[in-house]
file final-v8.cif (mmCIF, C-alpha atoms)
data_protein
#
loop_
_atom_site.group_PDB
_atom_site.id
_atom_site.type_symbol
_atom_site.label_atom_id
_atom_site.label_comp_id
_atom_site.auth_asym_id
_atom_site.auth_seq_id
_atom_site.Cartn_x
_atom_site.Cartn_y
_atom_site.Cartn_z
ATOM 1 C CA MET A 1 228.359 -6.369 209.052
ATOM 2 C CA GLY A 2 225.398 -8.307 210.423
ATOM 3 C CA LYS A 3 223.470 -10.212 207.801
ATOM 4 C CA SER A 4 220.115 -9.003 209.154
ATOM 5 C CA ILE A 5 221.213 -5.367 208.933
ATOM 6 C CA LYS A 6 222.383 -5.882 205.351
ATOM 7 C CA ILE A 7 218.986 -7.357 204.469
ATOM 8 C CA ALA A 8 217.102 -4.519 206.180
ATOM 9 C CA ILE A 9 219.065 -1.822 204.362
ATOM 10 C CA CYS A 10 218.778 -3.595 200.993
ATOM 11 C CA LEU A 11 215.012 -3.909 201.393
ATOM 12 C CA MET A 12 214.634 -0.247 202.298
ATOM 13 C CA ILE A 13 216.803 0.901 199.389
ATOM 14 C CA LEU A 14 214.847 -1.388 197.081
ATOM 15 C CA CYS A 15 211.600 0.198 198.233
ATOM 16 C CA CYS A 16 212.998 3.651 197.377
ATOM 17 C CA PHE A 17 213.860 2.661 193.812
ATOM 18 C CA LEU A 18 210.901 0.431 192.977
ATOM 19 C CA PRO A 19 209.649 1.237 189.478
ATOM 20 C CA THR A 20 206.326 2.967 189.428
ATOM 21 C CA CYS A 21 204.797 0.654 186.862
ATOM 22 C CA ALA A 22 201.605 -1.127 187.758
ATOM 23 C CA PHE A 23 201.899 -4.771 188.688
ATOM 24 C CA ALA A 24 198.180 -5.326 188.862
ATOM 25 C CA SER A 25 194.946 -3.880 187.588
ATOM 26 C CA GLY A 26 193.327 -0.906 189.263
ATOM 27 C CA ALA A 27 190.538 -3.164 190.465
ATOM 28 C CA VAL A 28 192.963 -5.230 192.527
ATOM 29 C CA ALA A 29 194.625 -2.122 193.949
ATOM 30 C CA ASP A 30 191.278 -0.588 194.897
ATOM 31 C CA MET A 31 190.405 -3.670 196.967
ATOM 32 C CA TYR A 32 193.172 -2.805 199.421
ATOM 33 C CA GLU A 33 192.715 0.951 199.696
ATOM 34 C CA PRO A 34 193.438 1.975 203.300
ATOM 35 C CA THR A 35 190.540 3.516 205.185
ATOM 36 C CA THR A 36 192.538 6.430 206.604
ATOM 37 C CA LEU A 37 195.084 8.331 204.530
ATOM 38 C CA SER A 38 196.804 11.673 204.646
ATOM 39 C CA LYS A 39 195.348 13.718 201.787
ATOM 40 C CA GLY A 40 198.739 15.090 200.791
ATOM 41 C CA GLY A 41 200.604 11.814 201.276
ATOM 42 C CA ALA A 42 202.107 9.506 198.688
ATOM 43 C CA TYR A 43 201.650 5.738 198.872
ATOM 44 C CA TYR A 44 202.892 2.702 196.991
ATOM 45 C CA MET A 45 202.091 -0.657 198.576
ATOM 46 C CA VAL A 46 203.278 -3.902 196.972
ATOM 47 C CA GLU A 47 202.870 -7.517 198.065
ATOM 48 C CA LEU A 48 206.496 -8.648 197.739
ATOM 49 C CA HIS A 49 205.937 -12.381 197.185
ATOM 50 C CA THR A 50 203.857 -11.883 194.043
ATOM 51 C CA ASP A 51 204.874 -8.331 193.051
ATOM 52 C CA THR A 52 201.195 -7.423 193.219
ATOM 53 C CA LEU A 53 200.352 -3.750 193.508
ATOM 54 C CA MET A 54 198.001 -3.465 196.470
ATOM 55 C CA PHE A 55 197.486 0.295 196.562
ATOM 56 C CA ASN A 56 199.015 3.441 195.078
ATOM 57 C CA LYS A 57 198.306 7.137 195.383
ATOM 58 C CA ASN A 58 200.383 10.172 194.377
ATOM 59 C CA GLU A 59 203.312 7.840 193.714
ATOM 60 C CA HIS A 60 204.796 10.280 191.175
ATOM 61 C CA LYS A 61 204.497 13.285 193.473
ATOM 62 C CA GLN A 62 207.804 14.840 194.543
ATOM 63 C CA MET A 63 207.971 15.026 198.328
ATOM 64 C CA TYR A 64 210.438 15.617 201.144
ATOM 65 C CA PRO A 65 212.369 12.418 201.960
ATOM 66 C CA ALA A 66 211.427 12.546 205.664
ATOM 67 C CA SER A 67 212.552 9.351 207.419
ATOM 68 C CA LEU A 68 214.021 7.965 204.194
ATOM 69 C CA THR A 69 217.082 9.998 205.206
ATOM 70 C CA LYS A 70 217.688 7.282 207.790
ATOM 71 C CA ILE A 71 218.708 5.001 204.924
ATOM 72 C CA MET A 72 221.481 7.461 204.109
ATOM 73 C CA THR A 73 222.358 7.546 207.805
ATOM 74 C CA ALA A 74 222.734 3.755 207.822
ATOM 75 C CA ILE A 75 224.877 3.821 204.657
ATOM 76 C CA LEU A 76 227.275 6.334 206.195
ATOM 77 C CA VAL A 77 227.376 4.406 209.464
ATOM 78 C CA LEU A 78 228.355 1.206 207.676
ATOM 79 C CA GLU A 79 231.024 3.085 205.716
ATOM 80 C CA HIS A 80 232.552 4.761 208.770
ATOM 81 C CA CYS A 81 232.055 2.112 211.465
ATOM 82 C CA PRO A 82 233.615 -1.282 210.691
ATOM 83 C CA ASP A 83 232.910 -2.568 214.219
ATOM 84 C CA LEU A 84 229.174 -2.786 214.781
ATOM 85 C CA ASN A 85 229.733 -3.834 218.381
ATOM 86 C CA GLU A 86 231.330 -0.494 219.196
ATOM 87 C CA LYS A 87 229.472 1.284 222.001
ATOM 88 C CA VAL A 88 227.818 4.702 221.590
ATOM 89 C CA ILE A 89 226.520 6.924 224.397
ATOM 90 C CA TYR A 90 223.310 8.900 223.958
ATOM 91 C CA THR A 91 224.747 12.261 224.973
ATOM 92 C CA GLN A 92 223.149 15.378 226.397
ATOM 93 C CA GLU A 93 223.720 17.206 223.079
ATOM 94 C CA ALA A 94 221.957 14.484 221.091
ATOM 95 C CA TYR A 95 219.157 14.320 223.658
ATOM 96 C CA ASP A 96 218.605 18.094 223.589
ATOM 97 C CA TRP A 97 218.561 18.155 219.773
ATOM 98 C CA VAL A 98 215.958 15.383 219.614
ATOM 99 C CA GLU A 99 213.844 17.018 222.308
ATOM 100 C CA ALA A 100 213.908 20.307 220.392
ATOM 101 C CA GLN A 101 212.726 18.526 217.248
ATOM 102 C CA TYR A 102 210.079 16.719 219.285
ATOM 103 C CA ALA A 103 208.741 20.009 220.630
ATOM 104 C CA ALA A 104 208.828 21.693 217.199
ATOM 105 C CA ALA A 105 206.822 18.836 215.689
ATOM 106 C CA GLY A 106 204.269 18.850 218.469
ATOM 107 C CA GLY A 107 205.320 15.424 219.666
ATOM 108 C CA ASN A 108 204.876 13.777 216.259
ATOM 109 C CA VAL A 109 208.392 12.324 216.066
ATOM 110 C CA SER A 110 209.284 8.633 215.879
ATOM 111 C CA SER A 111 211.608 7.344 218.567
ATOM 112 C CA ALA A 112 213.582 4.218 219.442
ATOM 113 C CA GLY A 113 213.067 4.981 223.143
ATOM 114 C CA LEU A 114 216.635 5.904 224.092
ATOM 115 C CA HIS A 115 217.343 7.343 227.523
ATOM 116 C CA LEU A 116 219.834 10.083 228.297
ATOM 117 C CA GLY A 117 223.264 8.577 228.964
ATOM 118 C CA GLU A 118 222.239 5.154 227.675
ATOM 119 C CA GLU A 119 225.019 3.139 226.032
ATOM 120 C CA MET A 120 224.224 0.937 223.034
ATOM 121 C CA THR A 121 226.106 -0.820 220.263
ATOM 122 C CA ILE A 122 226.123 0.628 216.768
ATOM 123 C CA LYS A 123 224.314 -2.518 215.619
ATOM 124 C CA ASP A 124 221.436 -1.941 218.070
ATOM 125 C CA LEU A 125 221.266 1.735 217.130
ATOM 126 C CA LEU A 126 220.999 0.742 213.471
ATOM 127 C CA TYR A 127 218.055 -1.487 214.360
ATOM 128 C CA GLY A 128 216.487 1.431 216.210
ATOM 129 C CA CYS A 129 217.152 3.736 213.266
ATOM 130 C CA LEU A 130 215.906 1.454 210.474
ATOM 131 C CA ILE A 131 213.196 -0.649 212.107
ATOM 132 C CA SER A 132 211.744 1.803 214.636
ATOM 133 C CA SER A 133 212.649 4.817 212.447
ATOM 134 C CA GLY A 134 213.947 6.345 215.654
ATOM 135 C CA ASN A 135 215.178 9.916 215.389
ATOM 136 C CA ASP A 136 217.058 9.495 218.673
ATOM 137 C CA ALA A 137 218.994 6.485 217.334
ATOM 138 C CA ALA A 138 219.792 8.310 214.086
ATOM 139 C CA VAL A 139 221.023 11.420 215.938
ATOM 140 C CA ALA A 140 223.172 9.323 218.278
ATOM 141 C CA LEU A 141 224.814 7.657 215.275
ATOM 142 C CA ALA A 142 225.241 10.955 213.437
ATOM 143 C CA GLU A 143 226.918 12.589 216.416
ATOM 144 C CA HIS A 144 229.171 9.567 216.932
ATOM 145 C CA ILE A 145 230.401 9.697 213.320
ATOM 146 C CA ALA A 146 230.640 13.419 212.586
ATOM 147 C CA GLY A 147 230.594 15.085 215.999
ATOM 148 C CA SER A 148 227.413 17.068 215.339
ATOM 149 C CA GLU A 149 224.174 16.918 213.375
ATOM 150 C CA GLU A 150 225.307 19.791 211.136
ATOM 151 C CA ALA A 151 228.578 18.066 210.246
ATOM 152 C CA PHE A 152 226.747 14.824 209.591
ATOM 153 C CA ALA A 153 224.322 16.658 207.280
ATOM 154 C CA GLN A 154 227.332 17.771 205.233
ATOM 155 C CA LEU A 155 228.472 14.146 204.984
ATOM 156 C CA MET A 156 224.996 13.150 203.836
ATOM 157 C CA ASN A 157 224.931 15.842 201.149
ATOM 158 C CA LYS A 158 228.378 14.799 199.941
ATOM 159 C CA LYS A 159 227.313 11.160 199.767
ATOM 160 C CA ALA A 160 224.098 12.101 197.987
ATOM 161 C CA LYS A 161 226.120 13.977 195.374
ATOM 162 C CA GLU A 162 228.362 10.939 194.900
ATOM 163 C CA LEU A 163 225.331 8.703 194.429
ATOM 164 C CA GLU A 164 223.770 11.227 192.043
ATOM 165 C CA ASP A 165 226.965 11.316 189.970
ATOM 166 C CA ARG A 166 227.042 7.512 189.872
ATOM 167 C CA ILE A 167 223.405 7.379 188.785
ATOM 168 C CA VAL A 168 224.030 9.992 186.067
ATOM 169 C CA SER A 169 227.091 8.052 184.908
ATOM 170 C CA MET A 170 225.128 4.798 184.854
ATOM 171 C CA ALA A 171 222.327 6.518 182.942
ATOM 172 C CA LYS A 172 224.824 7.723 180.330
ATOM 173 C CA GLU A 173 226.299 4.232 180.049
ATOM 174 C CA LEU A 174 222.804 2.808 179.716
ATOM 175 C CA LYS A 175 221.987 5.372 177.006
ATOM 176 C CA THR A 176 225.164 4.413 175.141
ATOM 177 C CA LEU A 177 224.257 0.741 175.491
ATOM 178 C CA GLU A 178 220.739 1.411 174.201
ATOM 179 C CA GLU A 179 222.143 3.300 171.215
ATOM 180 C CA THR A 180 224.582 0.449 170.551
ATOM 181 C CA ILE A 181 221.757 -2.081 170.707
ATOM 182 C CA GLU A 182 219.631 0.064 168.376
ATOM 183 C CA ASN A 183 222.566 0.245 165.953
ATOM 184 C CA ILE A 184 223.055 -3.518 166.102
ATOM 185 C CA VAL A 185 219.337 -4.070 165.501
ATOM 186 C CA ALA A 186 219.431 -1.671 162.530
ATOM 187 C CA GLN A 187 222.450 -3.471 161.087
ATOM 188 C CA TYR A 188 220.753 -6.803 161.652
ATOM 189 C CA ASN A 189 217.620 -5.641 159.850
ATOM 190 C CA THR A 190 219.726 -4.371 156.933
ATOM 191 C CA LEU A 191 221.605 -7.668 156.794
ATOM 192 C CA LYS A 192 218.355 -9.575 156.970
ATOM 193 C CA LYS A 193 216.931 -7.619 154.033
ATOM 194 C CA LYS A 194 220.107 -8.236 152.020
ATOM 195 C CA THR A 195 219.968 -11.926 152.903
ATOM 196 C CA VAL A 196 216.367 -12.171 151.738
ATOM 197 C CA GLU A 197 217.279 -10.380 148.500
ATOM 198 C CA ALA A 198 220.286 -12.662 147.993
ATOM 199 C CA GLN A 199 218.111 -15.730 148.537
ATOM 200 C CA LYS A 200 215.652 -14.404 145.957
ATOM 201 C CA GLN A 201 218.454 -13.833 143.450
ATOM 202 C CA TYR A 202 219.840 -17.277 144.207
ATOM 203 C CA ARG A 203 216.471 -18.875 143.463
ATOM 204 C CA GLU A 204 216.165 -16.878 140.226
ATOM 205 C CA CYS A 205 219.685 -17.892 139.183
ATOM 206 C CA GLY A 206 218.873 -21.489 140.035
ATOM 207 C CA ALA A 207 215.762 -21.407 137.888
ATOM 208 C CA LYS A 208 217.700 -19.894 134.947
ATOM 209 C CA TYR A 209 220.437 -22.459 135.392
ATOM 210 C CA ASN A 210 217.904 -25.291 135.282
ATOM 211 C CA GLU A 211 216.355 -23.822 132.113
ATOM 212 C CA LEU A 212 219.752 -23.485 130.457
ATOM 213 C CA LYS A 213 220.712 -27.000 131.538
ATOM 214 C CA ALA A 214 217.520 -28.411 130.038
ATOM 215 C CA SER A 215 218.090 -26.482 126.804
ATOM 216 C CA VAL A 216 221.681 -27.737 126.524
ATOM 217 C CA GLN A 217 220.488 -31.280 127.185
ATOM 218 C CA GLU A 218 217.912 -31.018 124.391
ATOM 219 C CA GLU A 219 220.505 -29.698 121.917
ATOM 220 C CA ARG A 220 222.887 -32.485 122.908
ATOM 221 C CA GLU A 221 220.234 -35.111 122.293
ATOM 222 C CA GLU A 222 219.370 -33.516 118.950
ATOM 223 C CA ILE A 223 223.002 -33.525 117.848
ATOM 224 C CA THR A 224 223.366 -37.116 118.998
ATOM 225 C CA LYS A 225 220.364 -38.135 116.882
ATOM 226 C CA LYS A 226 221.757 -36.351 113.792
ATOM 227 C CA LEU A 227 225.128 -38.012 114.205
ATOM 228 C CA ALA A 228 223.495 -41.387 114.560
ATOM 229 C CA ALA A 229 221.512 -40.854 111.339
ATOM 230 C CA MET A 230 224.605 -40.126 109.212
#

call {"tool": "encode", "arguments": {"input": "final-v8.cif", "output": "structure tokens"}}
result
Amino acid sequence: MGKSIKIAICLMILCCFLPTCAFASGAVADMYEPTTLSKGGAYYMVELHTDTLMFNKNEHKQMYPASLTKIMTAILVLEHCPDLNEKVIYTQEAYDWVEAQYAAAGGNVSSAGLHLGEEMTIKDLLYGCLISSGNDAAVALAEHIAGSEEAFAQLMNKKAKELEDRIVSMAKELKTLEETIENIVAQYNTLKKKTVEAQKQYRECGAKYNELKASVQEEREEITKKLAAM
């Protein structure tokens, strides 16, 4: 797998799972508010070098994944296609499907600029899918892997379920780990309290011992004096 493609996919996946905590004050974020925004859109813009939140809006709003599905497309491609130099033809079926989507969306569809019958490597199609967010590149890859868009959608759903199960499993393991840590902390606090109490008792015993030692020493000296006077 090409190193640049690995990096691109990792960055896109990272963006999907970025925590929604604020990295900067609202004043900083407001400085970078874009001038034109979709009212119903969701935005979360971070300066990666400093982890500074530049702008956020509706970041907790549940929305359709839209072109984020291309990340899943890339994951499946990398799982099913070990040779990224393998050639793929942009077929009539793929072309017609993309054109139908283009017409249904009123022309508002991103494209990598593929031409009917064009032959490209899987690697180049991945670039077109991930960097240009090209629907044509994604459809060409989907058809190459599964034979049709519908069959590829089934693969995507299956993979999504696998990822969901893994996330649920990891969440359970994390919950168990948190409970274990809480238990350890509780035991530590109990031990700490007992240690403090033991130290207190030790000091009290030490003080009593010193008193008894002094008393015994006085009695010994008194007896010694009496014996010397006889």

call {"tool": "closest_residue", "arguments": {"input": "final-v8.cif", "among": "A:Thr176, A:Ser67, A:Thr50, A:Asn58", "to": "Ser111 in chain A", "atoms": "only C-alpha atoms"}}
result
A:Ser67

call {"tool": "atom_distance", "arguments": {"input": "final-v8.cif", "atom1": "CA of Gly117 in chain A", "atom2": "CA of Asp96 in chain A"}}
result
11.9 Å

call {"tool": "resolve_selection", "arguments": {"input": "final-v8.cif", "expression": "the PyMOL selection byres ((chain A and resi 74-90) around 9)", "output": "PyMOL selection string"}}
result
chain A and resi 1-2+9+69-73+91-95+114-126+129-130+136-142+144-145+155-156+159

call {"tool": "resolve_selection", "arguments": {"input": "final-v8.cif", "expression": "the PyMOL selection byres ((chain A and resi 110) around 8)", "output": "PyMOL selection string"}}
result
chain A and resi 108-109+111-112+132-135

call {"tool": "atom_distance", "arguments": {"input": "final-v8.cif", "atom1": "CA of Val98 in chain A", "atom2": "CA of Gly113 in chain A"}}
result
11.4 Å

call {"tool": "residues_near_point", "arguments": {"input": "final-v8.cif", "point": "(199.1, 15.7, 202.0)", "cutoff": "12 Å", "atoms": "all atoms listed in the file", "output": "VMD selection string"}}
result
chain A and resid 37 to 43 57 to 58 61 to 64

call {"tool": "atom_distance", "arguments": {"input": "final-v8.cif", "atom1": "CA of Ala66 in chain A", "atom2": "CA of Tyr102 in chain A"}}
result
14.3 Å

call {"tool": "closest_residue", "arguments": {"input": "final-v8.cif", "among": "A:Lys208, A:Glu173, A:Leu68, A:Glu218", "to": "Ile131 in chain A", "atoms": "only C-alpha atoms"}}
result
A:Leu68
